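Below is query39.txt, which holds compact mmCIF, C-alpha atoms and all ligand atoms.
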# COMPACT_ATOMS: atom_id res chain seq x y z
CA MET A 602 79.13 -7.87 -27.75
CA PHE A 603 77.49 -7.01 -24.45
CA ASP A 604 79.11 -7.48 -21.07
CA PHE A 605 76.35 -9.02 -18.94
CA VAL A 606 76.30 -8.63 -15.16
CA THR A 607 74.28 -10.84 -12.79
CA VAL A 608 71.85 -8.61 -10.88
CA ALA A 609 69.24 -10.96 -9.36
CA THR A 610 67.76 -14.42 -9.37
CA VAL A 611 64.56 -15.14 -11.25
CA GLU A 612 62.86 -15.99 -7.94
CA GLU A 613 63.61 -12.55 -6.48
CA ILE A 614 61.36 -10.79 -8.99
CA PRO A 615 57.99 -12.53 -9.37
CA PRO A 616 55.84 -11.83 -12.45
CA GLY A 617 54.21 -8.41 -12.28
CA THR A 618 56.91 -6.88 -10.08
CA GLY A 619 60.13 -4.92 -10.44
CA LYS A 620 63.34 -4.18 -8.62
CA THR A 621 66.06 -1.57 -8.75
CA VAL A 622 69.51 -3.01 -9.41
CA GLU A 623 72.97 -1.57 -9.97
CA VAL A 624 74.95 -2.32 -13.11
CA ARG A 625 78.47 -0.91 -13.14
CA GLY A 626 77.47 2.03 -10.95
CA ILE A 627 74.25 2.83 -12.81
CA TRP A 628 70.78 2.23 -11.36
CA ILE A 629 68.56 0.11 -13.57
CA ALA A 630 64.87 -0.78 -13.15
CA LEU A 631 64.31 -4.47 -13.79
CA PHE A 632 60.82 -5.91 -14.38
CA ASN A 633 59.23 -9.32 -14.80
CA VAL A 634 56.37 -9.17 -17.30
CA ALA A 635 54.65 -12.56 -17.24
CA GLY A 636 58.00 -14.36 -17.07
CA THR A 637 59.93 -12.15 -19.49
CA PHE A 638 62.41 -9.73 -17.99
CA PHE A 639 63.01 -6.16 -19.16
CA ALA A 640 65.43 -3.49 -17.94
CA VAL A 641 65.28 0.27 -18.36
CA ASP A 642 67.03 3.31 -16.93
CA ASN A 643 65.78 3.72 -13.37
CA THR A 644 65.66 7.51 -13.58
CA CYS A 645 62.35 8.96 -14.73
CA PRO A 646 62.93 11.72 -17.32
CA HIS A 647 60.28 13.92 -15.72
CA ALA A 648 62.01 14.73 -12.45
CA GLY A 649 64.24 11.78 -11.61
CA GLY A 650 61.78 9.47 -9.88
CA PRO A 651 62.77 5.82 -9.30
CA LEU A 652 60.97 3.76 -11.95
CA GLY A 653 62.07 0.50 -10.30
CA GLU A 654 59.79 1.35 -7.38
CA GLY A 655 56.82 2.03 -9.65
CA HIS A 656 53.69 -0.07 -10.07
CA LEU A 657 53.76 -2.42 -13.07
CA THR A 658 50.62 -3.16 -15.10
CA ASP A 659 51.29 -5.54 -17.97
CA GLU A 660 54.27 -3.88 -19.77
CA VAL A 661 53.71 -0.41 -18.34
CA VAL A 662 55.34 0.98 -15.21
CA GLU A 663 53.97 4.04 -13.46
CA CYS A 664 56.51 6.35 -11.85
CA PRO A 665 55.85 6.54 -8.08
CA TRP A 666 56.45 10.30 -7.96
CA HIS A 667 53.98 11.86 -10.44
CA GLY A 668 52.53 8.99 -12.41
CA TRP A 669 54.25 9.20 -15.78
CA GLN A 670 54.03 5.85 -17.49
CA PHE A 671 56.60 3.99 -19.60
CA ASN A 672 56.47 0.77 -21.57
CA VAL A 673 59.29 -1.32 -20.11
CA ARG A 674 59.67 -3.33 -23.34
CA THR A 675 60.19 -0.30 -25.60
CA GLY A 676 61.09 2.50 -23.17
CA GLU A 677 58.40 4.71 -24.73
CA ARG A 678 55.94 6.86 -22.86
CA PRO A 679 52.46 5.85 -24.10
CA GLY A 680 50.91 8.73 -26.01
CA ASN A 681 54.02 10.93 -25.81
CA PRO A 682 57.02 9.74 -27.86
CA ASN A 683 59.02 12.84 -26.88
CA PHE A 684 59.92 11.16 -23.59
CA THR A 685 61.57 7.75 -23.41
CA VAL A 686 63.79 5.79 -21.08
CA ALA A 687 66.77 3.80 -22.33
CA CYS A 688 66.42 0.02 -22.45
CA CYS A 689 69.08 -2.56 -21.59
CA PRO A 690 69.51 -6.11 -22.88
CA VAL A 691 68.50 -8.81 -20.39
CA ARG A 692 69.28 -12.52 -20.47
CA ILE A 693 68.55 -15.45 -18.19
CA GLU A 694 71.31 -17.93 -17.37
CA GLY A 695 69.89 -20.78 -15.31
CA ASN A 696 68.02 -18.89 -12.59
CA LEU A 697 70.19 -15.78 -12.85
CA VAL A 698 68.99 -12.53 -14.37
CA GLN A 699 71.76 -10.70 -16.18
CA VAL A 700 71.73 -7.15 -17.57
CA ALA A 701 74.16 -5.36 -19.86
CA LEU A 702 74.65 -1.66 -20.46
CA PRO A 703 74.70 -0.83 -24.18
CA GLU A 704 77.57 1.27 -25.53
CA GLY A 705 76.98 4.91 -24.64
CA PHE A 706 74.12 4.13 -22.26
CA LYS A 707 72.62 7.37 -20.85
S1 LIG B 1 59.55 12.02 -11.57
FE1 LIG B 1 58.53 10.44 -12.63
S2 LIG B 1 56.59 11.27 -13.06
FE2 LIG B 1 57.64 12.87 -12.07

What would you get if you wrote out this structure as structure tokens?
Amino acid sequence: MFDFVTVATVEEIPPGTGKTVEVRGIWIALFNVAGTFFAVDNTCPHAGGPLGEGHLTDEVVECPWHGWQFNVRTGERPGNPNFTVACCPVRIEGNLVQVALPEGFK
């Protein structure tokens, strides 16, 4: 059972955008892909860039530091499965966006 934490309202993150939020002391990148929300570890595995500040195109975010891309639905780096970011469960309660950290996250 996940312990969900409210991190934003739906209105704060319009479709096609993202935001960095904190869940129990850990920074998470939260994205709205055409009305569906996804959450991944905010820390880029290349050199620690903030994925929540990256540009989102469809399901793919581009790290603002050096351009590595990650699918925010799966956490995978397109074309290079050796690098992934961890994904978190997201749910919507009314207009609240809630995120949970899976057991052993990070
Ligand atoms: S830190 Fe993300 S691409 Fe380099």

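Shortest separation to ligand LIG 1 (chain B) among A:Glu623, A:Glu694, A:Glu612, A:Glu663 occurs at residue A:Glu663, atoms counted being all atoms listed in the file.
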
Close residues, A:Ala609 itself excluded, 8 Å, all atoms listed in the file, min 3 positions apart in chain, as a VMD selection string: chain A and resid 613 to 614 622 697 to 699

Using all atoms listed in the file, find each residue of chain A with at least one atom at most 7 Å away from an atom of ligand LIG 1 (chain B); report its shortest atom-to-atom pair and that distance in Å (one decimal), sort the rows by chain and rising residue number, and return the result as a Markdown table.
| residue | atom | partner | partner_atom | distance |
| --- | --- | --- | --- | --- |
| A:Cys645 | CA | B:LIG1 | FE1 | 4.6 |
| A:Pro646 | CA | B:LIG1 | FE1 | 6.6 |
| A:His647 | CA | B:LIG1 | S1 | 4.6 |
| A:Ala648 | CA | B:LIG1 | S1 | 3.8 |
| A:Gly649 | CA | B:LIG1 | S1 | 4.7 |
| A:Gly650 | CA | B:LIG1 | S1 | 3.8 |
| A:Cys664 | CA | B:LIG1 | FE1 | 4.6 |
| A:Pro665 | CA | B:LIG1 | FE1 | 6.6 |
| A:Trp666 | CA | B:LIG1 | FE2 | 5.0 |
| A:His667 | CA | B:LIG1 | S2 | 3.7 |
| A:Gly668 | CA | B:LIG1 | S2 | 4.7 |
| A:Trp669 | CA | B:LIG1 | S2 | 4.1 |

Restricting it to C-alpha atoms, dump the selection as a JSON list (two decimals), in the coordinates of the input.
[["chain", "number", "residue", "atom", "x", "y", "z"],
["A", 645, "CYS", "CA", 62.35, 8.96, -14.73],
["A", 646, "PRO", "CA", 62.93, 11.72, -17.32],
["A", 647, "HIS", "CA", 60.28, 13.92, -15.72],
["A", 648, "ALA", "CA", 62.01, 14.73, -12.45],
["A", 649, "GLY", "CA", 64.24, 11.78, -11.61],
["A", 650, "GLY", "CA", 61.78, 9.47, -9.88],
["A", 664, "CYS", "CA", 56.51, 6.35, -11.85],
["A", 665, "PRO", "CA", 55.85, 6.54, -8.08],
["A", 666, "TRP", "CA", 56.45, 10.30, -7.96],
["A", 667, "HIS", "CA", 53.98, 11.86, -10.44],
["A", 668, "GLY", "CA", 52.53, 8.99, -12.41],
["A", 669, "TRP", "CA", 54.25, 9.20, -15.78]]

Show me as a ChimeraX atom specification the residues that reach within 12 Å of (73.9, 1.0, -13.2), counting all atoms listed in the file and using the file's own coordinates. /A:605-608,621-631,640-644,687-689,700-703,706-707

Determine the nearest neighbour of A:Val661 from the options A:Val634, A:Val611, A:Val673, A:Met602, counting only C-alpha atoms.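 Closest candidate: A:Val673.
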
Please list as number ranges by chain every residue within 10 Å of A:Gly636, counting only C-alpha atoms and excluding residues in the same chain fewer than 3 positions away. A: 611, 614-617, 632-633, 639

Could you jot down the atom CA of A:Thr675 to atom CA of A:Thr637 separation for me, Å, one decimal place?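 Value for the atom CA of A:Thr675-atom CA of A:Thr637 distance: 13.3 Å.
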